[in-house]
Amino acid sequence: MVAAEPAVWLVFLALTGLAPMAASNGENGAMPRFVEKVPNITVTVGRDAMLPCTVEQLKGYKVAWVQVDTQTILTIHKQVITRNPRIALLHNDHRTWHLQLKNVRESDRGWYMCQVNTDPMRYRQGYVDVVVPPDIIDKDSSGDLTVREGQDVTLTCRAKGHPTPTIVWRREDNRDIVLDTENTDMVGVENGVGISSRRDGGSPSIVGGSSGSPPSLREVKGEVLELKKVSRLQMGSYLCIASNGVPPSISKRANLRVQFPPMAWVPQQLEGAYLGQELTIECHTEAFPKSINYWTNTNGDMIVAGERYEPIVADSSYKIYMKLRIKRVEPQDLGTFKCVAKNSLGETDGAIKVYDRKKFENFLYPKGVNDLTDYHPGGKSFINPKDQDYRQSRRPGFSGSTGTGTGTLPKPFASILCASLALVASYTMSFNSNNILLKGRLL
């Protein structure tokens, strides 16, 4: 019983004026009796609630409902005393006295007492817990954010509700959240290979992925999400999800943009083609803000779509995949093409050299992405032939001055032979049951 009960009881007696009658009734017969307790109930804000109160042998006594926390008398017998239009009384056969709360608000949370004006007073009380779904406080929560690569980022999300909501952070694309990239220089991944950024501002280089990886989690609990040394891999939408067991849960999206200068990656830097054939070269770039991308020809002029060239661009987030389709290779196409990427933070390019395959078709020469049927089990050898001397050097007895005798091998052939011998010597054979395993590496 709270301390306010005597005061409420006195107000009740003053309003009813039934204290003497209550005493006499108590002497002549059985006293009123509550059939059951007033239950504790939980109700979601905005819905209706009902507190039951059943009294037997009420006789001439009267029943009242009181909001204990505010010491407010709500009803007396069949009359609603409060001016709150959301309060109603449901009664029947002088036995049931149910208090109805319509469109419940948070201010309705607290203790409610059903009492009979006996002396001493008899009562039962129950608690109304008004639960509130979570709601994110926008002014105290992070919105979209743009930072430079390598900076620290703090995302904040605050929510209200009853019970107090729990905050969970997730990535909208369901990838893991990378918390700290401070111990790694990896800023990108292409086909399982890490892409590292150069500190001096030059063109990024390709490095093998490390065995370890930055600490990451599928979700992070708490109002604050801290990301250390952010990279482009952490760019994306982060969801702050607030829940407290009262549906529905609610979320807020914070879009993290990581700015960095362009980088280029060329899968095949040397392409062989016959004059008159169709050739396609390709290039990958990354940049944010989004870069301007174009191709330049062997003269350094920008290539536009036309009868001979068809530039193709496909982008995804900060990545751009560039292709140049040369519909018919002509002599002026033999040389270096470049893919160029520019944004407000810098620019970069990637070079692809196109050579005449017919001129060197009888030699071990590197093949490009368009060579789908040619295969050399010995791998690719990079040589720089010189027309007349190189053709003569293919003769078995060429010594550098005459076509007879058994002179020394010319330098191009000597280079190829040495490379081949080094490759063979570096392989070792190990036997494992019925299988022969070849292991080796290029020196």
# chains A, B, ... in the order shown; residues from 1 in each chain; ligands from 1
>>> closest_atom_pairs(of="region 43-162 of chain A", to="region 271-289 of chain A", cutoff="12 Å", atoms="only C-alpha atoms", output="CSV")
residue,atom,partner,partner_atom,distance
A:Thr146,CA,A:Pro289,CA,10.0
A:Val147,CA,A:Phe288,CA,10.5
A:Arg148,CA,A:Phe288,CA,9.5
A:Glu149,CA,A:Phe288,CA,9.8
>>> residues_around(residues="Ile41 (chain A)", least_positions_apart="6", cutoff="12 Å", atoms="only C-alpha atoms", output="JSON, numbers by chain")
{"A": [48, 49, 50, 51, 52, 101, 108, 109, 110, 111, 112, 125, 126, 127, 128, 129, 130, 131]}
>>> write_last_selection(atoms="C-alpha atoms", output="JSON list (two decimals), in the first residue's frame")
[["chain", "number", "residue", "atom", "x", "y", "z"],
["A", 48, "ASP", "CA", -7.06, -0.36, -25.14],
["A", 49, "ALA", "CA", -6.69, -2.00, -21.74],
["A", 50, "MET", "CA", -9.13, -3.28, -19.13],
["A", 51, "LEU", "CA", -8.62, -3.84, -15.42],
["A", 52, "PRO", "CA", -11.22, -6.25, -13.94],
["A", 101, "LEU", "CA", -8.48, 2.61, -20.57],
["A", 108, "ASP", "CA", -1.24, 5.83, -17.99],
["A", 109, "ARG", "CA", 1.59, 3.62, -16.74],
["A", 110, "GLY", "CA", 1.36, 2.92, -12.99],
["A", 111, "TRP", "CA", -0.73, 1.38, -10.17],
["A", 112, "TYR", "CA", -4.54, 1.29, -10.19],
["A", 125, "GLN", "CA", -4.56, -3.08, -7.00],
["A", 126, "GLY", "CA", -2.81, -3.95, -10.23],
["A", 127, "TYR", "CA", -0.07, -2.44, -12.35],
["A", 128, "VAL", "CA", -0.48, -1.23, -15.93],
["A", 129, "ASP", "CA", 2.79, -1.36, -17.85],
["A", 130, "VAL", "CA", 2.60, 0.61, -21.08],
["A", 131, "VAL", "CA", 5.22, -0.63, -23.52]]
>>> atom_distance(atom1="CA of Leu227 (chain A)", atom2="CA of Ile292 (chain A)")
29.1 Å
>>> select_by_dssp(residues="region 124-355 of chain A", states="strand (DSSP E)", output="ChimeraX atom specification")
/A:124-136,145-148,153-156,159-162,166-171,177-178,186-190,193-196,205-207,216-217,220-221,224-227,236-243,250-265,270-273,279-288,292-296,309-316,319-326,335-343,346-355
>>> closest_residue(among="A:Tyr355, A:Phe260, A:Tyr309, A:Tyr61", to="Pro331 (chain A)", atoms="only C-alpha atoms")
A:Tyr355
>>> residues_around(residues="His91 (chain A)", least_positions_apart="2", cutoff="12 Å", atoms="only C-alpha atoms", output="short mmCIF file (atom, residue, chain, number, x, y, z; two decimals) with C-alpha atoms, in the first residue's frame")
data_model
loop_
_atom_site.label_atom_id
_atom_site.label_comp_id
_atom_site.auth_asym_id
_atom_site.auth_seq_id
_atom_site.Cartn_x
_atom_site.Cartn_y
_atom_site.Cartn_z
CA LEU A 51 -8.62 -3.84 -15.42
CA PRO A 52 -11.22 -6.25 -13.94
CA CYS A 53 -12.62 -5.92 -10.44
CA THR A 54 -15.31 -8.29 -9.13
CA VAL A 55 -16.88 -7.79 -5.69
CA VAL A 63 -16.76 0.75 -5.43
CA ALA A 64 -14.23 3.29 -6.65
CA THR A 75 -14.79 6.46 -10.80
CA ILE A 76 -17.19 6.19 -7.89
CA HIS A 77 -19.79 3.48 -8.20
CA LYS A 78 -21.50 3.99 -11.59
CA GLN A 79 -20.13 7.47 -12.23
CA VAL A 80 -16.88 8.44 -13.98
CA ALA A 88 -14.75 4.25 -18.97
CA LEU A 89 -16.43 1.96 -16.43
CA ASP A 93 -25.38 -6.85 -11.84
CA HIS A 94 -23.86 -4.90 -8.96
CA ARG A 95 -20.91 -7.31 -9.00
CA THR A 96 -18.43 -6.45 -11.77
CA TRP A 97 -16.68 -3.09 -11.92
CA HIS A 98 -14.17 -3.09 -14.79
CA LEU A 99 -12.03 -0.06 -15.57
CA GLN A 100 -11.40 0.53 -19.26
#
>>> residues_around(residues="Thr348 (chain A)", least_positions_apart="4", cutoff="12 Å", atoms="only C-alpha atoms", output="VMD selection string")
chain A and resid 201 to 205 260 to 266 283 to 287 291 to 295 338 to 344
>>> write_last_selection(atoms="N, CA, C and O atoms", output="short mmCIF file (atom, residue, chain, number, x, y, z; two decimals), in the first residue's frame")
data_model
loop_
_atom_site.label_atom_id
_atom_site.label_comp_id
_atom_site.auth_asym_id
_atom_site.auth_seq_id
_atom_site.Cartn_x
_atom_site.Cartn_y
_atom_site.Cartn_z
N GLY A 201 51.21 8.37 -53.39
CA GLY A 201 50.27 8.94 -54.34
C GLY A 201 50.39 8.37 -55.73
O GLY A 201 49.65 8.76 -56.63
N GLY A 202 51.33 7.43 -55.96
CA GLY A 202 51.48 6.84 -57.27
C GLY A 202 50.40 5.80 -57.53
O GLY A 202 49.50 5.59 -56.73
N SER A 203 50.53 5.13 -58.68
CA SER A 203 49.53 4.13 -59.05
C SER A 203 49.59 2.96 -58.10
O SER A 203 50.68 2.49 -57.74
N PRO A 204 48.43 2.46 -57.60
CA PRO A 204 48.42 1.32 -56.70
C PRO A 204 49.00 0.08 -57.38
O PRO A 204 49.02 -0.03 -58.60
N SER A 205 49.47 -0.85 -56.57
CA SER A 205 50.04 -2.09 -57.08
C SER A 205 49.23 -3.27 -56.59
O SER A 205 48.44 -3.17 -55.66
N PHE A 260 38.67 8.17 -52.54
CA PHE A 260 40.05 7.81 -52.84
C PHE A 260 40.31 8.09 -54.32
O PHE A 260 39.39 8.08 -55.14
N PRO A 261 41.57 8.36 -54.69
CA PRO A 261 41.90 8.63 -56.09
C PRO A 261 41.79 7.37 -56.93
O PRO A 261 41.80 6.25 -56.41
N PRO A 262 41.71 7.51 -58.25
CA PRO A 262 41.53 6.34 -59.12
C PRO A 262 42.73 5.40 -59.09
O PRO A 262 43.87 5.81 -58.84
N MET A 263 42.47 4.15 -59.33
CA MET A 263 43.49 3.13 -59.56
C MET A 263 43.05 2.30 -60.75
O MET A 263 41.86 2.20 -61.06
N ALA A 264 44.04 1.72 -61.45
CA ALA A 264 43.75 0.91 -62.64
C ALA A 264 44.45 -0.43 -62.53
O ALA A 264 45.55 -0.53 -61.97
N TRP A 265 43.80 -1.45 -63.06
CA TRP A 265 44.35 -2.80 -63.07
C TRP A 265 44.07 -3.41 -64.44
O TRP A 265 42.91 -3.49 -64.86
N VAL A 266 45.14 -3.81 -65.13
CA VAL A 266 45.02 -4.37 -66.47
C VAL A 266 45.31 -5.87 -66.39
O VAL A 266 46.43 -6.27 -66.07
N CYS A 283 40.12 -3.46 -69.04
CA CYS A 283 40.80 -2.72 -67.97
C CYS A 283 39.82 -2.56 -66.81
O CYS A 283 38.62 -2.35 -67.03
N HIS A 284 40.32 -2.65 -65.57
CA HIS A 284 39.50 -2.46 -64.37
C HIS A 284 39.98 -1.21 -63.63
O HIS A 284 41.19 -1.02 -63.44
N THR A 285 39.06 -0.38 -63.19
CA THR A 285 39.41 0.80 -62.41
C THR A 285 38.54 0.90 -61.17
O THR A 285 37.44 0.35 -61.13
N GLU A 286 39.07 1.59 -60.16
CA GLU A 286 38.32 1.87 -58.94
C GLU A 286 38.55 3.33 -58.57
O GLU A 286 39.68 3.83 -58.66
N ALA A 287 37.49 4.01 -58.15
CA ALA A 287 37.61 5.41 -57.74
C ALA A 287 36.33 5.85 -57.05
O ALA A 287 35.25 5.35 -57.33
N SER A 291 34.64 8.12 -61.22
CA SER A 291 35.61 8.68 -62.14
C SER A 291 35.04 8.83 -63.55
O SER A 291 34.03 8.22 -63.91
N ILE A 292 35.73 9.67 -64.32
CA ILE A 292 35.49 9.77 -65.76
C ILE A 292 36.44 8.79 -66.44
O ILE A 292 37.66 8.85 -66.21
N ASN A 293 35.93 7.89 -67.24
CA ASN A 293 36.74 6.84 -67.85
C ASN A 293 36.69 6.92 -69.37
O ASN A 293 35.62 7.14 -69.93
N TYR A 294 37.84 6.75 -69.99
CA TYR A 294 37.89 6.73 -71.45
C TYR A 294 39.16 6.01 -71.90
O TYR A 294 40.08 5.75 -71.11
N TRP A 295 39.21 5.68 -73.19
CA TRP A 295 40.37 5.03 -73.80
C TRP A 295 41.11 6.04 -74.69
O TRP A 295 40.51 6.95 -75.26
N LYS A 338 45.61 3.04 -73.92
CA LYS A 338 45.54 3.32 -72.49
C LYS A 338 44.09 3.49 -72.05
O LYS A 338 43.28 4.10 -72.76
N CYS A 339 43.78 2.92 -70.87
CA CYS A 339 42.51 3.20 -70.21
C CYS A 339 42.78 4.27 -69.15
O CYS A 339 43.71 4.13 -68.36
N VAL A 340 42.01 5.32 -69.14
CA VAL A 340 42.26 6.47 -68.27
C VAL A 340 41.08 6.65 -67.32
O VAL A 340 39.92 6.53 -67.73
N ALA A 341 41.38 6.94 -66.06
CA ALA A 341 40.34 7.22 -65.06
C ALA A 341 40.73 8.49 -64.31
O ALA A 341 41.86 8.62 -63.84
N LYS A 342 39.78 9.43 -64.17
CA LYS A 342 40.02 10.70 -63.49
C LYS A 342 38.87 11.02 -62.56
O LYS A 342 37.71 10.79 -62.89
N ASN A 343 39.20 11.54 -61.38
CA ASN A 343 38.19 12.15 -60.51
C ASN A 343 38.81 13.35 -59.82
O ASN A 343 39.95 13.74 -60.12
N SER A 344 38.10 13.95 -58.88
CA SER A 344 38.56 15.19 -58.25
C SER A 344 39.81 14.99 -57.39
O SER A 344 40.46 15.96 -57.02
#
>>> atom_distance(atom1="CA of Val153 (chain A)", atom2="CA of Leu256 (chain A)")
9.1 Å
>>> residues_around(residues="Ile241 (chain A)", least_positions_apart="6", cutoff="7 Å", atoms="only C-alpha atoms", output="PDB file with all heavy atoms, in the first residue's frame")
ATOM      1  N   ILE A 167      20.490  -1.714 -29.415  1.00  0.00           N
ATOM      2  CA  ILE A 167      20.954  -1.270 -30.726  1.00  0.00           C
ATOM      3  C   ILE A 167      21.918  -2.302 -31.299  1.00  0.00           C
ATOM      4  O   ILE A 167      22.836  -2.760 -30.620  1.00  0.00           O
ATOM      5  CB  ILE A 167      21.656   0.097 -30.643  1.00  0.00           C
ATOM      6  CG1 ILE A 167      20.729   1.137 -29.999  1.00  0.00           C
ATOM      7  CG2 ILE A 167      22.119   0.540 -32.019  1.00  0.00           C
ATOM      8  CD1 ILE A 167      19.509   1.444 -30.804  1.00  0.00           C
ATOM      9  N   VAL A 168      21.708  -2.662 -32.559  1.00  0.00           N
ATOM     10  CA  VAL A 168      22.599  -3.575 -33.278  1.00  0.00           C
ATOM     11  C   VAL A 168      22.932  -2.951 -34.629  1.00  0.00           C
ATOM     12  O   VAL A 168      22.043  -2.445 -35.325  1.00  0.00           O
ATOM     13  CB  VAL A 168      21.952  -4.965 -33.482  1.00  0.00           C
ATOM     14  CG1 VAL A 168      22.818  -5.836 -34.374  1.00  0.00           C
ATOM     15  CG2 VAL A 168      21.728  -5.646 -32.147  1.00  0.00           C
ATOM     16  N   TRP A 169      24.212  -3.010 -35.000  1.00  0.00           N
ATOM     17  CA  TRP A 169      24.676  -2.508 -36.296  1.00  0.00           C
ATOM     18  C   TRP A 169      24.923  -3.678 -37.245  1.00  0.00           C
ATOM     19  O   TRP A 169      25.537  -4.674 -36.862  1.00  0.00           O
ATOM     20  CB  TRP A 169      25.971  -1.715 -36.151  1.00  0.00           C
ATOM     21  CG  TRP A 169      25.801  -0.373 -35.494  1.00  0.00           C
ATOM     22  CD1 TRP A 169      25.932  -0.089 -34.171  1.00  0.00           C
ATOM     23  CD2 TRP A 169      25.460   0.860 -36.136  1.00  0.00           C
ATOM     24  NE1 TRP A 169      25.704   1.244 -33.944  1.00  0.00           N
ATOM     25  CE2 TRP A 169      25.413   1.859 -35.132  1.00  0.00           C
ATOM     26  CE3 TRP A 169      25.199   1.220 -37.447  1.00  0.00           C
ATOM     27  CZ2 TRP A 169      25.118   3.180 -35.413  1.00  0.00           C
ATOM     28  CZ3 TRP A 169      24.900   2.544 -37.731  1.00  0.00           C
ATOM     29  CH2 TRP A 169      24.869   3.505 -36.720  1.00  0.00           C
ATOM     30  N   ILE A 250      12.794  -1.173 -35.557  1.00  0.00           N
ATOM     31  CA  ILE A 250      12.965  -0.065 -36.497  1.00  0.00           C
ATOM     32  C   ILE A 250      14.441   0.058 -36.844  1.00  0.00           C
ATOM     33  O   ILE A 250      15.314  -0.305 -36.038  1.00  0.00           O
ATOM     34  CB  ILE A 250      12.423   1.255 -35.891  1.00  0.00           C
ATOM     35  CG1 ILE A 250      12.321   2.334 -36.957  1.00  0.00           C
ATOM     36  CG2 ILE A 250      13.290   1.709 -34.722  1.00  0.00           C
ATOM     37  CD1 ILE A 250      11.584   3.577 -36.491  1.00  0.00           C
ATOM     38  N   SER A 251      14.725   0.541 -38.039  1.00  0.00           N
ATOM     39  CA  SER A 251      16.117   0.681 -38.467  1.00  0.00           C
ATOM     40  C   SER A 251      16.325   2.026 -39.143  1.00  0.00           C
ATOM     41  O   SER A 251      15.381   2.643 -39.651  1.00  0.00           O
ATOM     42  CB  SER A 251      16.506  -0.453 -39.430  1.00  0.00           C
ATOM     43  OG  SER A 251      15.746  -0.382 -40.627  1.00  0.00           O
ATOM     44  N   LYS A 252      17.567   2.433 -39.149  1.00  0.00           N
ATOM     45  CA  LYS A 252      17.971   3.681 -39.825  1.00  0.00           C
ATOM     46  C   LYS A 252      19.226   3.382 -40.623  1.00  0.00           C
ATOM     47  O   LYS A 252      20.141   2.719 -40.135  1.00  0.00           O
ATOM     48  CB  LYS A 252      18.223   4.790 -38.805  1.00  0.00           C
ATOM     49  CG  LYS A 252      18.717   6.103 -39.419  1.00  0.00           C
ATOM     50  CD  LYS A 252      18.961   7.142 -38.338  1.00  0.00           C
ATOM     51  CE  LYS A 252      19.600   8.411 -38.899  1.00  0.00           C
ATOM     52  NZ  LYS A 252      18.724   9.101 -39.839  1.00  0.00           N
TER      53      LYS A 252
END
>>> atom_distance(atom1="CA of Glu219 (chain A)", atom2="CA of Gln259 (chain A)")
24.2 Å
